[in-house]
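First the structure, in the form of structure tokens, and then the observations on it.
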Amino acid sequence: MTHNQGILDSLSTGVIALDEHLRVIALNAAGQALLETSEARAIGSGASELVVDSQEWLDTLQQVLKTNAAKAARSVYLKLPSGQEIHVDVIMTPALDGDTGFSLLVELMAVERLLKISRDESQVTAQETSRAVIRGLAHEIKNPLGGVRGAAQLLARELPNEELTEYTRVIIQEADRLRDLVDRLLGPSRALELETLNIHEILEHVRGLINAESGNTVSVVREYDPSLPEISCDRTQLIQAVLNIMRNALQAASSPADCKIRLRSRAQRQYTVGAVVHRLVCRVDIIDNGPGIPAGILPAVFAPMVTGRARGTGLGLSIAQSIINMHGGVLECESQPGDTRFTFYLPMEAQHEQAS
Ligand SMILES: Nc1ncnc2c1ncn2[C@@H]1O[C@H](COP(=O)(O)OP(=O)(O)O)[C@@H](O)[C@H]1O
Ligand SMILES: [Mg+2]
């Protein structure tokens with residue numbers, strides 16, 4: 001046993017062994033460090049005492065026990081009693097035979113902070129590149145377009161009969177359509193108009209809009225953290241961002257009545273955006289149970305003009321992302337059938353510390 005314990009303790013993965021009532025039988029050193037507890041304190045206590053507000057995870061543990069089938073969950077956030085949140089990948093394995101002494105083995109792997117930083121940075125660089133390309137293109141399109149439109153207007157005045165102006169009208173109309181498209185591609189052009197407000201006010205407003213759009217058939221479950229402090233943000237633009245995300249969920253569902261959306265908010269400490277460490281960020285998850293984002297477009301889902309819908313513009317998410325970025329935040333997405341989540345993080349304080 002001590003030999004096994006030595007092996008367990010030298011792992012960098014946190015390991016928790018649980019009995020059939022989800023009580024802790026063993027917890028290795030990495031697990032103690034992750035969960036900020038000692039083995040003495042943890043042993044005999046329930047898994048539900050190791051974490052708070054993590055019902056979803058506890059349900060999964062129960063399910064693994066019941067179905068006797070191992071399960072992996074990526075990118076899980078568990079809140080510790082201290083209020084600290086940990087970000088882990090989890091593997092849950094049921095004991096296959098009776099005499100192993102445990103019923104369930106849980107492996108917790110901390111998601112590397114560095115991985116996160118580099119991902120954010122590459123995301124930011126990719127966005128900057130695509131915005132630069134769009135700006136260049138927009139300029140090249142808008143100038144000649146203005147010429148085409150002006151010439152069509154002059155031509156309309158010179159035309160000998162009214163019927164022919166139908167053609168110039170089409171030219172002007174299509175030129176305007178193209179100009180609008182280019183403007184939308186350029187994204188929100190006005191600066192942020194900041195006010196201090198509660199993020200839940202924005203979420204509730206959008207929930208009302210989505211309810212109205214779906215004739216009150218969508219089910220929206222709210223898991224708000226009522227203790228979240230107010231943030232400084234542009235109300236109209238944030239509403240637009242959240243609406244774009246929620247509307248996609250509604251449109252992806254086979255029918256509005258099948259559409260379940262979860263809106264979750266919470267505070268998260270020490271979050272890194274690019275190279276900036278924020279002491280406290282507001283995190284919002286928008287989770288739907290729809291078919292998921294088609295695998296072919298998932299990697300580029302935030303890029304403008306990437307769409308999976310016949311009549312889509314592919315601009316909704318790119319605009320949402322620009323808005324969140326303008327607030328100094330990050331918008332991320334993970335998707336699989338039945339579980340699509342968009343997560344955004346907004347810094348809560350104005351002063352940022354530089355990451356060392
Ligand atoms: N919640 C979601 N579920 C399934 N697919 C989604 C979801 N959100 C976005 N998508 C996919 O991403 C694409 C891009 O979305 P978006 O940028 O809003 O543009 P549009 O809605 O105009 O297509 C959508 O066409 C859809 O295929
Ligand atoms: Mg959309």
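Ligands are numbered from 1 in the order shown, residues from 1 within each chain, and chains are lettered A, B, ... in the order they appear in the structure tokens.
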Write out as a VMD selection string each polymer residue whose atoms come within 12 Å of region 28-32 of chain A, counting only C-alpha atoms; drop sequence neighbours fewer than 2 positions from it. chain A and resid 2 4 to 17 24 to 26 34 to 43 50 80 86 88 90 105 to 110
Show me which residues line ligand 1, defined as having an atom within 9 Å of a ligand atom where only C-alpha atoms and all ligand atoms count, and present them as an MDAnalysis selection string. chainID A and resid 244:253 286:294 297:298 300:320 333 335:342
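Here CA of Thr272 (chain A) stands at a distance of 15.7 Å from CA of Ser75 (chain A).
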Looking at A:Gln240, A:Gln268, A:Thr60, A:Ser322, which one is nearest to ligand 2, with distances taken over only C-alpha atoms and all ligand atoms? A:Gln240
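Closest approach to ligand 2 from the set A:Thr100, A:Leu243, A:Arg177, A:Ala295 is made by A:Leu243, with distances taken over only C-alpha atoms and all ligand atoms.
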Would you list the contacts of Ile323 (chain A) as a list in words, taking every protein, DNA or RNA residue within 7 Å and counting only C-alpha atoms, but skipping same-chain residues closer than 6 positions in sequence? Gln237, Leu238 and Ala241 of chain A
Please return, as a PyMOL selection string, all residues of region 230-331 of chain A that DSSP assigns to strand (DSSP E) on the basis of the backbone. chain A and resi 231-233+260-273+276-288+330-331
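Taking only C-alpha atoms and all ligand atoms into account, ligand 2 lies nearest to A:Val242 out of the set A:Val242, A:Ser48, A:Ser255, A:Lys142.
CA of Glu195 (chain A) sits 5.3 Å away from CA of Ser232 (chain A).
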Selection: 7 Å around Ser219 (chain A), only C-alpha atoms, excl. self and same-chain fewer than 2 positions, as a CSV table (one decimal) with C-alpha atoms, in the first residue's frame:
```
chain,number,residue,atom,x,y,z
A,217,THR,CA,-40.9,28.2,-26.6
A,221,VAL,CA,-32.1,28.0,-17.6
A,259,CYS,CA,-33.9,24.3,-27.8
A,260,LYS,CA,-32.5,24.5,-24.2
A,261,ILE,CA,-30.1,27.2,-23.4
```
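Distances to Gly44 (chain A) were evaluated for A:Ile172, A:Asp19, A:Leu192, A:Asn68 using only C-alpha atoms, and the minimum falls at A:Asp19.
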Considering only C-alpha atoms, return as a ChimeraX atom specification whatever protein or nucleic-acid residues lie within 10 Å of Leu58 (chain A), sequence-local ones (same chain, fewer than 6 positions apart) excluded. /A:22,47-48,51,64
Please produce an output containing N, CA and C atoms for each residue in the selection, written as a short mmCIF file (atom, residue, chain, number, x, y, z; two decimals), in the first residue's frame.
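See result.cif below for the written result:
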```cif
data_model
loop_
_atom_site.label_atom_id
_atom_site.label_comp_id
_atom_site.auth_asym_id
_atom_site.auth_seq_id
_atom_site.Cartn_x
_atom_site.Cartn_y
_atom_site.Cartn_z
N LEU A 22 -19.54 7.88 -3.06
CA LEU A 22 -18.74 9.04 -3.46
C LEU A 22 -18.01 9.67 -2.27
N ALA A 47 -17.41 13.63 -2.02
CA ALA A 47 -16.89 14.41 -3.15
C ALA A 47 -17.56 15.77 -3.19
N SER A 48 -18.81 15.82 -2.70
CA SER A 48 -19.54 17.08 -2.74
C SER A 48 -18.97 18.12 -1.77
N VAL A 51 -15.78 20.31 -3.42
CA VAL A 51 -16.06 21.42 -4.33
C VAL A 51 -17.39 22.05 -3.94
N VAL A 64 -21.44 7.92 -13.89
CA VAL A 64 -20.38 6.95 -14.18
C VAL A 64 -20.56 5.71 -13.29
#
```
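With distances restricted to only C-alpha atoms, A:Ala70 is the closest residue to Ala95 (chain A) from A:Ala70, A:Leu186, A:Leu61, A:Ile324.
From CA of Ala73 (chain A) back to CA of Leu104 (chain A), the distance works out to 14.9 Å.
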